[in-house]
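**Q** The structure file target34.cif (mmCIF, C-alpha atoms) is provided below.
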```cif
data_coords
loop_
_atom_site.label_atom_id
_atom_site.label_comp_id
_atom_site.auth_asym_id
_atom_site.auth_seq_id
_atom_site.Cartn_x
_atom_site.Cartn_y
_atom_site.Cartn_z
CA MET A 807 0.00 0.00 0.00
CA THR A 808 1.32 3.47 -0.83
CA ASP A 809 0.99 6.67 1.13
CA GLU A 810 -0.75 8.56 -1.70
CA LYS A 811 -2.62 11.68 -0.70
CA PRO A 812 -6.22 11.89 -1.84
CA ARG A 813 -6.63 14.04 -4.94
CA SER A 814 -8.15 17.46 -4.26
CA ASN A 815 -10.76 19.08 -6.48
CA ALA A 816 -8.33 21.90 -7.39
CA TRP A 817 -7.93 20.46 -10.90
CA GLN A 818 -11.56 21.39 -11.62
CA SER A 819 -10.76 25.10 -11.39
CA ALA A 820 -7.08 25.05 -12.44
CA LEU A 821 -7.76 25.97 -16.07
CA THR A 822 -8.40 29.61 -16.99
CA MET A 823 -9.64 30.35 -20.51
CA LEU A 824 -7.48 33.14 -21.94
CA GLN A 825 -8.87 33.29 -25.46
CA GLU A 826 -11.25 31.31 -27.62
CA ALA A 827 -11.51 31.49 -31.41
CA GLN A 828 -13.03 29.58 -34.30
CA PRO A 829 -10.38 27.36 -35.86
CA PRO A 830 -9.28 28.57 -39.28
CA PHE A 831 -8.84 26.44 -42.37
CA ILE A 832 -5.47 24.79 -42.06
CA PRO A 833 -3.89 23.74 -45.35
CA ALA A 834 -2.15 20.41 -45.86
CA GLY A 835 1.47 20.55 -44.82
CA ALA A 836 0.90 23.29 -42.25
CA HIS A 837 2.57 23.00 -38.87
CA VAL A 838 2.25 24.47 -35.40
CA MET A 839 5.04 25.95 -33.29
CA THR A 840 5.24 27.16 -29.72
CA VAL A 841 7.94 29.76 -29.25
CA VAL A 842 9.21 32.22 -26.66
CA ILE A 843 9.97 35.71 -27.93
CA GLU A 844 11.87 38.05 -25.64
CA TYR A 845 12.39 41.75 -26.33
CA PRO A 846 14.27 44.12 -24.03
CA PRO A 847 12.20 47.00 -22.61
CA GLY A 848 11.61 49.73 -25.19
CA ASP A 849 12.52 47.52 -28.17
CA PRO A 850 10.30 48.28 -31.20
CA GLY A 851 9.86 44.54 -31.86
CA THR A 852 9.37 42.88 -35.22
CA PRO A 853 8.77 45.00 -38.33
CA PRO A 854 5.43 44.50 -40.14
CA HIS A 855 5.20 40.91 -41.40
CA ARG A 856 2.75 38.10 -42.18
CA HIS A 857 2.37 34.55 -40.93
CA SER A 858 1.28 31.63 -43.09
CA GLY A 859 -1.38 30.77 -40.53
CA PRO A 860 -2.82 32.06 -37.27
CA ALA A 861 -0.47 33.01 -34.46
CA PHE A 862 -1.52 32.96 -30.83
CA GLY A 863 0.46 34.69 -28.12
CA TYR A 864 0.51 35.36 -24.42
CA VAL A 865 2.40 38.15 -22.67
CA ILE A 866 4.23 36.84 -19.61
CA ASP A 867 5.83 40.07 -18.41
CA GLY A 868 5.50 43.75 -19.36
CA GLU A 869 3.35 44.85 -22.26
CA MET A 870 3.51 45.21 -26.02
CA LEU A 871 1.81 47.26 -28.70
CA LEU A 872 0.02 44.96 -31.16
CA GLU A 873 -1.16 46.05 -34.58
CA VAL A 874 -3.12 43.62 -36.76
CA GLU A 875 -4.06 44.81 -40.24
CA GLY A 876 -7.57 46.30 -40.27
CA GLU A 877 -7.79 46.62 -36.48
CA PRO A 878 -6.81 49.48 -34.19
CA GLU A 879 -3.50 49.16 -32.34
CA ARG A 880 -3.87 47.83 -28.84
CA VAL A 881 -1.71 47.26 -25.82
CA VAL A 882 -1.44 43.64 -24.69
CA ARG A 883 -0.38 43.41 -21.06
CA ALA A 884 1.11 40.66 -18.92
CA GLY A 885 -1.47 37.94 -18.40
CA GLU A 886 -3.31 38.68 -21.66
CA ALA A 887 -3.49 36.58 -24.82
CA PHE A 888 -3.72 37.71 -28.44
CA CYS A 889 -4.31 36.25 -31.88
CA GLU A 890 -3.00 37.23 -35.30
CA PRO A 891 -5.16 35.71 -38.06
CA GLY A 892 -2.34 34.94 -40.51
CA LYS A 893 -2.10 35.50 -44.24
CA PRO A 894 -1.07 33.26 -47.13
CA MET A 895 2.67 33.89 -46.80
CA LEU A 896 5.40 34.52 -44.24
CA THR A 897 7.48 37.52 -45.20
CA LEU A 898 8.56 40.91 -43.99
CA VAL A 899 6.56 43.65 -45.65
CA ASP A 900 8.67 46.28 -47.40
CA GLU A 901 8.00 50.03 -47.20
CA GLU A 902 6.49 50.14 -50.71
CA GLU A 903 3.94 47.46 -49.88
CA LEU A 904 3.13 49.19 -46.59
CA ALA A 905 2.40 52.38 -48.55
CA GLN A 906 0.20 50.48 -51.01
CA ARG A 907 -1.78 48.87 -48.17
CA ARG A 908 -2.15 51.96 -45.96
CA ASP A 909 -5.92 52.03 -46.58
CA ARG A 910 -6.20 48.68 -44.78
CA ARG A 911 -4.64 49.97 -41.58
CA ALA A 912 -6.82 51.22 -38.78
CA PRO A 913 -6.34 54.90 -37.97
CA ARG A 914 -3.93 55.46 -35.11
CA PRO A 915 -5.30 57.34 -32.13
CA SER A 916 -3.89 60.87 -31.83
#
```
In structure tokens, how does this file's structure come out?
**A**
Amino acid sequence: MTDEKPRSNAWQSALTMLQEAQPPFIPAGAHVMTVVIEYPPGDPGTPPHRHSGPAFGYVIDGEMLLEVEGEPERVVRAGEAFCEPGKPMLTLVDEEELAQRRDRRAPRPS
């Protein structure tokens, strides 16, 4: 006989839903990654880019400014999750393309 402790009911409330979304179409050959991205305070982060599929993130510490095409910028703080819907390619967007797509960007608050 072992000295196992009885299981508590804590597991029933251990999960906290951070974000829920409808799953997108995922093409054949797609893959999923879980990554950690660390920026020093004040770093401007990644230049405008696209992902081949949706990207989900969670801010562990600090906060970041998130801009998703067609939506207003927003601050995502520690403890908050976010989703980027993804586009059909993964590439950095050059300045010329940014200028061509400026009508798709949400106006920045003054």
**Q** May I ask for the distance between CA of Met870 in chain A and CA of Pro846 in chain A, given in Å to one decimal place?
**A**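 Pair CA of Met870 in chain A / CA of Pro846 in chain A returns 11.0 Å.
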**Q** Residues near Asp867 in chain A, anyone? I mean within 12 Å using only C-alpha atoms, not counting same-chain ones fewer than 3 positions away, as an NGL selection string.
**A** :A and (842-847 or 864 or 870 or 882-887)
**Q** Output the selection as a short mmCIF file (atom, residue, chain, number, x, y, z; two decimals), in the coordinates of the input - C-alpha atoms for each residue.
**A**
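File written: out15.cif
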```
data_model
loop_
_atom_site.label_atom_id
_atom_site.label_comp_id
_atom_site.auth_asym_id
_atom_site.auth_seq_id
_atom_site.Cartn_x
_atom_site.Cartn_y
_atom_site.Cartn_z
CA VAL A 842 9.21 32.22 -26.66
CA ILE A 843 9.97 35.71 -27.93
CA GLU A 844 11.87 38.05 -25.64
CA TYR A 845 12.39 41.75 -26.33
CA PRO A 846 14.27 44.12 -24.03
CA PRO A 847 12.20 47.00 -22.61
CA TYR A 864 0.51 35.36 -24.42
CA MET A 870 3.51 45.21 -26.02
CA VAL A 882 -1.44 43.64 -24.69
CA ARG A 883 -0.38 43.41 -21.06
CA ALA A 884 1.11 40.66 -18.92
CA GLY A 885 -1.47 37.94 -18.40
CA GLU A 886 -3.31 38.68 -21.66
CA ALA A 887 -3.49 36.58 -24.82
#
```
**Q** Using Å and a single decimal, report how far CA of Pro891 in chain A sits from CA of Ile866 in chain A.
**A**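 Taking CA of Ile866 in chain A as the start and CA of Pro891 in chain A as the end point, the length is 20.7 Å.
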**Q** Do you know which residues are at most 9 Å from Phe888 in chain A counting all atoms listed in the file, after dropping those on the same chain fewer than 5 positions away, and could you put them as an mmCIF file with C-alpha atoms, in the frame of the given file?
**A**
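That gives us result-v5.cif:
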```
data_model
loop_
_atom_site.group_PDB
_atom_site.id
_atom_site.type_symbol
_atom_site.label_atom_id
_atom_site.label_comp_id
_atom_site.auth_asym_id
_atom_site.auth_seq_id
_atom_site.Cartn_x
_atom_site.Cartn_y
_atom_site.Cartn_z
ATOM 1 C CA LEU A 824 -7.480 33.140 -21.940
ATOM 2 C CA GLN A 825 -8.870 33.290 -25.460
ATOM 3 C CA ALA A 861 -0.470 33.010 -34.460
ATOM 4 C CA PHE A 862 -1.520 32.960 -30.830
ATOM 5 C CA GLY A 863 0.460 34.690 -28.120
ATOM 6 C CA TYR A 864 0.510 35.360 -24.420
ATOM 7 C CA VAL A 865 2.400 38.150 -22.670
ATOM 8 C CA LEU A 872 0.020 44.960 -31.160
ATOM 9 C CA VAL A 882 -1.440 43.640 -24.690
#
```
**Q** To one decimal place, how far is CA of Gly859 in chain A from CA of Ala820 in chain A in Å?
**A** 29.2 Å
**Q** Extract, using only C-alpha atoms, all DNA, RNA and protein residues at most 12 Å from Arg907 in chain A, discarding same-chain residues fewer than 6 positions from it, and format them as a PyMOL selection string.
**A** chain A and resi 854+875-876+899-901
**Q** Which residue gives the smallest distance to Ile832 in chain A among A:Asn815, A:Glu869, A:Gly851, A:Gly892, with all atoms listed in the file counted?
**A**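 Checking each of A:Asn815, A:Glu869, A:Gly851, A:Gly892 against Ile832 in chain A, counting all atoms listed in the file, the winner is A:Gly892.
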**Q** Between A:Gly868, A:His855, A:Arg813, A:Pro878, which is the closest to Leu904 in chain A once you count all atoms listed in the file?
**A** A:His855
**Q** Kindly add N, CA and C atoms to the incomplete range 813-832 of chain A and provide the output as a PDB file, keeping the file's coordinate frame.
**A**
```pdb
ATOM      1  N   ARG A 813      -6.645  12.948  -3.958  1.00  0.00           N
ATOM      2  CA  ARG A 813      -6.630  14.040  -4.940  1.00  0.00           C
ATOM      3  C   ARG A 813      -7.649  15.098  -4.513  1.00  0.00           C
ATOM      4  N   SER A 814      -7.229  16.359  -4.575  1.00  0.00           N
ATOM      5  CA  SER A 814      -8.150  17.460  -4.260  1.00  0.00           C
ATOM      6  C   SER A 814      -8.994  17.752  -5.493  1.00  0.00           C
ATOM      7  N   ASN A 815      -9.931  18.649  -5.354  1.00  0.00           N
ATOM      8  CA  ASN A 815     -10.760  19.080  -6.480  1.00  0.00           C
ATOM      9  C   ASN A 815     -10.180  20.312  -7.164  1.00  0.00           C
ATOM     10  N   ALA A 816      -8.943  20.692  -6.816  1.00  0.00           N
ATOM     11  CA  ALA A 816      -8.330  21.900  -7.390  1.00  0.00           C
ATOM     12  C   ALA A 816      -8.238  21.809  -8.909  1.00  0.00           C
ATOM     13  N   TRP A 817      -8.063  20.612  -9.446  1.00  0.00           N
ATOM     14  CA  TRP A 817      -7.930  20.460 -10.900  1.00  0.00           C
ATOM     15  C   TRP A 817      -9.168  20.965 -11.627  1.00  0.00           C
ATOM     16  N   GLN A 818     -10.321  20.961 -10.965  1.00  0.00           N
ATOM     17  CA  GLN A 818     -11.560  21.390 -11.620  1.00  0.00           C
ATOM     18  C   GLN A 818     -11.591  22.887 -11.897  1.00  0.00           C
ATOM     19  N   SER A 819     -10.787  23.654 -11.170  1.00  0.00           N
ATOM     20  CA  SER A 819     -10.760  25.100 -11.390  1.00  0.00           C
ATOM     21  C   SER A 819      -9.357  25.588 -11.777  1.00  0.00           C
ATOM     22  N   ALA A 820      -8.464  24.674 -12.122  1.00  0.00           N
ATOM     23  CA  ALA A 820      -7.080  25.050 -12.440  1.00  0.00           C
ATOM     24  C   ALA A 820      -6.949  25.712 -13.800  1.00  0.00           C
ATOM     25  N   LEU A 821      -7.849  25.430 -14.712  1.00  0.00           N
ATOM     26  CA  LEU A 821      -7.760  25.970 -16.070  1.00  0.00           C
ATOM     27  C   LEU A 821      -8.467  27.310 -16.151  1.00  0.00           C
ATOM     28  N   THR A 822      -7.804  28.290 -16.743  1.00  0.00           N
ATOM     29  CA  THR A 822      -8.400  29.610 -16.990  1.00  0.00           C
ATOM     30  C   THR A 822      -8.394  29.849 -18.481  1.00  0.00           C
ATOM     31  N   MET A 823      -9.554  30.075 -19.077  1.00  0.00           N
ATOM     32  CA  MET A 823      -9.640  30.350 -20.510  1.00  0.00           C
ATOM     33  C   MET A 823      -9.090  31.741 -20.777  1.00  0.00           C
ATOM     34  N   LEU A 824      -8.077  31.850 -21.608  1.00  0.00           N
ATOM     35  CA  LEU A 824      -7.480  33.140 -21.940  1.00  0.00           C
ATOM     36  C   LEU A 824      -8.055  33.704 -23.230  1.00  0.00           C
ATOM     37  N   GLN A 825      -8.382  32.838 -24.169  1.00  0.00           N
ATOM     38  CA  GLN A 825      -8.870  33.290 -25.460  1.00  0.00           C
ATOM     39  C   GLN A 825      -9.526  32.097 -26.141  1.00  0.00           C
ATOM     40  N   GLU A 826     -10.591  32.370 -26.876  1.00  0.00           N
ATOM     41  CA  GLU A 826     -11.250  31.310 -27.620  1.00  0.00           C
ATOM     42  C   GLU A 826     -11.561  31.848 -29.010  1.00  0.00           C
ATOM     43  N   ALA A 827     -11.294  31.047 -30.030  1.00  0.00           N
ATOM     44  CA  ALA A 827     -11.510  31.490 -31.410  1.00  0.00           C
ATOM     45  C   ALA A 827     -11.953  30.316 -32.257  1.00  0.00           C
ATOM     46  N   GLN A 828     -12.658  30.613 -33.345  1.00  0.00           N
ATOM     47  CA  GLN A 828     -13.030  29.580 -34.300  1.00  0.00           C
ATOM     48  C   GLN A 828     -11.764  29.116 -35.007  1.00  0.00           C
ATOM     49  N   PRO A 829     -11.583  27.806 -35.171  1.00  0.00           N
ATOM     50  CA  PRO A 829     -10.380  27.360 -35.860  1.00  0.00           C
ATOM     51  C   PRO A 829     -10.443  27.744 -37.338  1.00  0.00           C
ATOM     52  N   PRO A 830      -9.322  28.204 -37.867  1.00  0.00           N
ATOM     53  CA  PRO A 830      -9.280  28.570 -39.280  1.00  0.00           C
ATOM     54  C   PRO A 830      -9.069  27.338 -40.149  1.00  0.00           C
ATOM     55  N   PHE A 831      -9.210  27.507 -41.442  1.00  0.00           N
ATOM     56  CA  PHE A 831      -8.840  26.440 -42.370  1.00  0.00           C
ATOM     57  C   PHE A 831      -7.335  26.268 -42.278  1.00  0.00           C
ATOM     58  N   ILE A 832      -6.902  25.053 -42.142  1.00  0.00           N
ATOM     59  CA  ILE A 832      -5.470  24.790 -42.060  1.00  0.00           C
ATOM     60  C   ILE A 832      -5.078  23.935 -43.256  1.00  0.00           C
TER      61      ILE A 832
END
```
